[in-house]
Amino acid sequence: MADPQAISDDSSEEAEEDEEEARRIREGFIVDEDEDEEEDDEEARQRRRKRRKRRHRRRDEEEALEDDDLELLEENTGTSFRNRLTRLRRGPEGGSPPAPSTSKRKPIVESSEDDLDDEDLPQVQDIQRIWDDERAGGGRDDEEDMDDFIDYEDEDEGAGAMDEQEREERRRERKKRERERRKAIGSRPELAGIDDMAWDEIHGVFGDGHDYDWALLGDDEMDFEEDRLKPEMRYQDVFEPSEIRARMLTEDDDLIRAQDIPERMQLATSSLSQSSTLSLHQNLTEADLDDAAMWVTVRLSPRKTRDFFSPEGPYNMYREPLVMAVTYALRFLFVQEFEVPYIWTHKRDYISYFNPQEMRTRVQLISLAELWRIYALGQKYRSLAQRRNALALSYARLNVEDEYFEQTIRPKIDSVEVVTDATEWLTMTYKVKKQDAFDFQFHDDEDQTESRKRKAPSRISAYEVAKKSIVSKLADGFGIKPHQVVYNFVAQENAHFVDDQELNPIAFAEQFTDPDATVAQPAEELLRRARMILATELGKDPLLRQAMRDLFKTDALISVLPTERGMTKIDEHHPYFNFKYLHHKSITQMMDTLQFLHILAAEAELLVTVSTFLTNEAKSKFERRLNDAFASDSYSDTARAWNEERSRVVQEALEQHLIPVGVKWAREWLREEVEDTLAAHCGNVLRERIDVAPYITPEMKPGDTASVLAVSWGKGDPQKDAITLVFLDEAGRLREHIKIDNLVDRDYQDEFTDLLKRRRPDVIVVGGLSMATTKLSSKVRSLVNGEPSSSDQTANGADGWGSSDAPREANEQAFNIPVMYVRDEVARMYQHSKRAAEEFSALSPVAKYCVGLARYTQIPKEKLLSALERTLVDVTNKVGVDINRAVNDSYYQHLLPFVCGLGPRKAQVLVKKISAMGGNLINRDQFIKSSLLTTKIFLNAAGFLRISRDPEVKLSKNRHADDDVQDPLDDTRIHPEDYELARKMATDALELDEEDIHDEHPSHVVSVIMQDADNEKKLNELNLDEFAVSMYEANEDRKRHTLNIIREELLKPFSEQRAPFPSLGPWDVLTMLSGETPRTLRMGLIVSIMVVRLEQTLVNIRLDSGIEGVIDIGYLTEDGNIAPKDVVKKGQTIPGVIVDVKLDLPADQFFVKVSVRKSDLNAGDSLFRSVKRDDHWNLPQFERDLEMQARKKRAEIDRTRRVVKHPNFHNFNATQAENYLDKQQRGDVVIRPSSKGVDHLAVTWKVDDKLYQHIDVTEINTGQGGTLLVVDEKHQYADLDELIVNHVQATARKVEELMAHENIYGFTLNRRKPGHFNLCFLANKNSTVQTWPVRVMPESYCLFDAAVAGVPELCDAFKVR
């Protein structure tokens, strides 16, 4: 509050506080400190401060014009020019002027243009007196000047932490500095005594300081309006949409984080996908479960259907429990929204056979893989249900009652394809009705009917045209409706019979011909259109289409033929050769292999064509059944004629509609099934790799983590690559990273052994990118075991390990540390990954590779992504995640999104919330009490998020002080909803009463039983079956499996359930280091080898993959006794045949034996390298194409090699010959090679412009050293000159003669057959132009078979005919 003494004591002035003053105070024109101090709204205070700052900034700008020019006047005249535009508030009439005020805030207002124009405004003399009064009131002109304007910018800085006294001190300090500044300027006595005229001139020159208020006022309002309307800045305005999606900051991401639904259940695709989006499906309800359970159960797998639903199936008696188990699974998944790991771990009793009378009977109704399958099928059923609902709404909008649709089609809609077919069928059947239903009319439509409208493009099909014509009546004459035919077909009995016609089909159709002869159509055409109507309606029927799909599902065959391009590109070594001529392979045989995906890939590359069709037997059976449902039972000639027409309808429906639908569906269905098989296989391979426990030594306990030293030589080049060593401790933290040049020099060996002494790793893992890694592994083993390595004994300077003469002393100290190879797929990906760059930016790629090796040893980790994600989710929840470690360890944190109920988004926000709390949780209750997880997410995730217990912390004895106390059950797989069961089990095992533990923490008994040395015996003595039965009888809770989990967790919390860490076999290591496999490195294969070193009886060689080998002297030559130096040279590259492969993993020895004998090389290796043909191979077609390819190849070779000594011979093909003759005269000739072989020539001559005749000439050897040239087997010539003169030029003369002859007949060149003419004529006035062929021969013309010598004779022959 302001000092009361500082308020003006003029009560009359206070009484005159008018509305204008109050308004200005509210708008902030006058600073009101009381108002500032009492203001609670921070946002309003900020806006007020901004307006004050802008106003005072403008005021300072206005005063800047006066400060420089009037400052001297102020000092010398003793008059303040700064306040001359400020006036006192008017008092009551006749009142005395106010006394000098001591208030910190003078009752003044800023003047405006209106104030200056006010008639009551004092004149200059009055203003002078006002200044005099101010000077007389205590000489505080300077101080009062400063009081008028408060420096709010200074007050804003730290104003919140400054009291009134500090503000006053700051003001005094500013006033003191201002007085010192003015004093330093000095006085100007020459300006004293300025009169009124001078003042007028000063005002005329400098103005009164308010000349530009109108402009500043507009800027003020504009600035305020801009600030008010300026939108709030959002991150969408700053970041690119792709970056927002990558950071998971979209609105969908926010919704996923907020909704109390497991994240993976909210996504339409895998959370590993970059394009995963929010799913818009609605969940199932309890009313949907029964239908969904039956739909899902029969689609689980063929084996499940056979075992449980076949009368002779081994589990037929459990079919009802199976359906009930599927119902429970669907309820948990789609109604209660629990994820698969939660159901598998905590609700397994509901998906297993549970009978209180047969507790000893254990039947696993649903496996983990089948539970995931139920989840996938449930999603498909959910989509189907939504589509069925949409179909029902569309049918309701039609306002029709269709008995066939309601009673026959709708109950059989059990797939998305049938929904699509039913929708198409309704559209076809009620298209006009559907258009009318949506043809709304408004009150002003009549005025628009006469306006011209642009004609819309026609989309009416031939069926619709025929359906609206009289032909539809003819179609009704077939005696039975199409939907009745389908009903007979589906029921396999004739519930509907045909109404036979008395007239035969032609006579009956003639009744529907148009009387107008000009537009009349023959009866056959009308029948064809009627058959088209019936065939279309049959082909569009949903039930008939479904029957065809079912037929393709079991009886379809697939054949493959190569294209022209594929014939040459797919050779015997090509991976596609296996199916190049696939012939009639059953679709059921392709379900469990990836062959069909390869076929589709080859088809996409335009290498093969794929055909899908039915077996003749299946197609005939289907057609016969459909004919039986359609045909009449009468035996009359008329009935037989109508049955023939009906049979044509069936054939047209099959060929034009049903079979094409089946072919298209079968391809897509098989592709999806094979993709599911591939995804499942990939998921199983990933499970084999990651569902293994960390490596442990024999001295370690299961669940412990080893410290690892990873060693790698990179590519193993001694001139470039150093040996990198990386040590990770038990927690996976990088503790040491060193590089050494080799392990041969004593200094480097000492550095290596010093690292082993200092760090004492539990295991040493070796990896690399070449076969040189085997030498590194051998040397590491020798140093660790204190033994000389085998490589030392054969090393030389080329090995990079030092000279063979270097001293080799045994290591004085041996370490009991295992040395092993591990799989390096993860390490290879990790070394170049973004994550590695973020975590270890200072490390080299090889060092990052070593980190990946060590981590894999410690913690192995659109369909394919879903399958891989499911495997990661299964294994992560099987192991559990320590939530406190995940919050504080960025590497370990990557496991958190795979916890049941969580995902990338929910895990991200969970980590942030826990970090804000301090980064550490004490118990699982905090997930709910601190609002870290919502209810459903907590139920899903709680059992898999462990909170490690500090063994030194003891439980509080206060039963109610458990909010911030550790609970031993939080470090187990036991779900919080089963904590009471665990405590009850512990109490019973310890044989305690509730009175004994009344004052203890609820989980005190759990701690006691866990620490009891005899806990296993005590817990095993409990009768869990009886306990489970009593719980079921009391509350119908199924907890038998849960009780087993509780017992296991009380004995060994979070015990290791994964398989032991696997060791690699010799071929695994060889493939990892060299890329060679048993298929690429087997006996009989010819490989390229390089000679490395020559010895007396053998040759050391190296393969391209880096594997070393030897050639024994016996395999060098056929003789077997020639010295190696006389056969090969060092550095030479030669082919060799693999004779043997030697793998010795403990000794790090991998080498091959090779033969370079000519007899072994001449045999070739095509037998070993060629791709195996499929059993369903089209051998005749393969041999025909092979022969054709060989013939083309021979012809191509012969054509390129053939040279004929003749001036008209050119090595042209047909196109080149025509291009050459294009600029020549008619009759010119080109002789060229023929594609038909070496015994053929091709002669091309120019008949006319753009018209050329190609003549095939056969060369026949006469047997006497000469040749005979034969054309058309009729004309023979001795040489090419004779052929040109007597055949080509003679034919050209005949052509010229015919073209030059003047007659009434029309002779025209036949451009489709060069060398032929067309004789054109009219038979009568009303007929069309007819043509007869005329062939030109060297000696005659041929009209049909008649040969004539000249043109007149040709005309006579025409007349005769």
# chains A, B, ... in the order shown; residues from 1 in each chain; ligands from 1

call {"tool": "residues_around", "arguments": {"residues": "segment 634-645 of chain A", "least_positions_apart": "5", "cutoff": "7 Å", "atoms": "only C-alpha atoms", "output": "ChimeraX atom specification"}}
result
/A:500,503-505

call {"tool": "residues_around", "arguments": {"residues": "segment 1054-1071 of chain A", "least_positions_apart": "6", "cutoff": "7 Å", "atoms": "only C-alpha atoms", "output": "number ranges by chain"}}
result
A: 691-695, 702-703, 821-822, 972-973, 1077, 1143, 1145

call {"tool": "write_last_selection", "arguments": {"atoms": "N, CA and C atoms", "output": "compact mmCIF listing (two decimals), in the first residue's frame"}}
result
# COMPACT_ATOMS: atom_id res chain seq x y z
N ASP A 691 15.54 -65.78 -27.48
CA ASP A 691 14.97 -66.44 -26.31
C ASP A 691 16.02 -67.34 -25.67
N VAL A 692 17.16 -66.76 -25.39
CA VAL A 692 18.26 -67.48 -24.75
C VAL A 692 18.77 -66.63 -23.58
N ALA A 693 19.22 -67.28 -22.57
CA ALA A 693 19.72 -66.57 -21.39
C ALA A 693 21.10 -66.00 -21.68
N PRO A 694 21.51 -64.97 -20.95
CA PRO A 694 22.88 -64.47 -21.10
C PRO A 694 23.90 -65.57 -20.79
N TYR A 695 25.07 -65.42 -21.35
CA TYR A 695 26.13 -66.40 -21.11
C TYR A 695 26.53 -66.40 -19.63
N PRO A 702 22.10 -69.08 -12.57
CA PRO A 702 21.18 -68.63 -13.62
C PRO A 702 20.57 -67.28 -13.25
N GLY A 703 20.55 -66.39 -14.23
CA GLY A 703 20.05 -65.05 -13.98
C GLY A 703 21.15 -64.03 -13.82
N TYR A 821 33.44 -67.82 -29.95
CA TYR A 821 32.82 -67.03 -31.00
C TYR A 821 31.34 -66.84 -30.66
N VAL A 822 30.76 -65.71 -31.06
CA VAL A 822 29.32 -65.49 -30.92
C VAL A 822 28.80 -64.95 -32.25
N THR A 972 8.78 -59.88 -8.21
CA THR A 972 8.38 -61.20 -8.70
C THR A 972 7.45 -61.03 -9.91
N ARG A 973 7.16 -62.14 -10.57
CA ARG A 973 6.22 -62.12 -11.68
C ARG A 973 4.77 -62.16 -11.21
N THR A 1077 28.95 -71.44 -47.16
CA THR A 1077 27.99 -72.36 -46.55
C THR A 1077 28.27 -73.77 -47.06
N LEU A 1143 37.35 -78.86 -40.84
CA LEU A 1143 36.94 -77.86 -39.86
C LEU A 1143 37.30 -78.35 -38.47
N LEU A 1145 37.20 -76.47 -34.97
CA LEU A 1145 36.90 -75.23 -34.26
C LEU A 1145 37.77 -75.02 -33.02

call {"tool": "residues_around", "arguments": {"residues": "segment 1282-1295 of chain A", "least_positions_apart": "2", "cutoff": "6 Å", "atoms": "only C-alpha atoms", "output": "list in words"}}
result
Gly1227, Tyr1277, Asp1279, Leu1280, Glu1297, Leu1298, Met1337 and Pro1338 of chain A

call {"tool": "atom_distance", "arguments": {"atom1": "atom CA of Glu1033 of chain A", "atom2": "atom CA of Pro356 of chain A"}}
result
8.6 Å

call {"tool": "residues_around", "arguments": {"residues": "Leu1241 of chain A", "least_positions_apart": "2", "cutoff": "7 Å", "atoms": "only C-alpha atoms", "output": "list in words"}}
result
Arg1232, Pro1233, Ser1234, Val1243, Asp1256, Val1257 and Thr1258 of chain A

call {"tool": "residues_around", "arguments": {"residues": "His1210 of chain A", "least_positions_apart": "5", "cutoff": "10 Å", "atoms": "only C-alpha atoms", "output": "list in words"}}
result
Val1203, Val1204, Lys1205, Gln1216, Ala1217, Tyr1220, Val1230, Ile1231, Arg1232 and Pro1233 of chain A
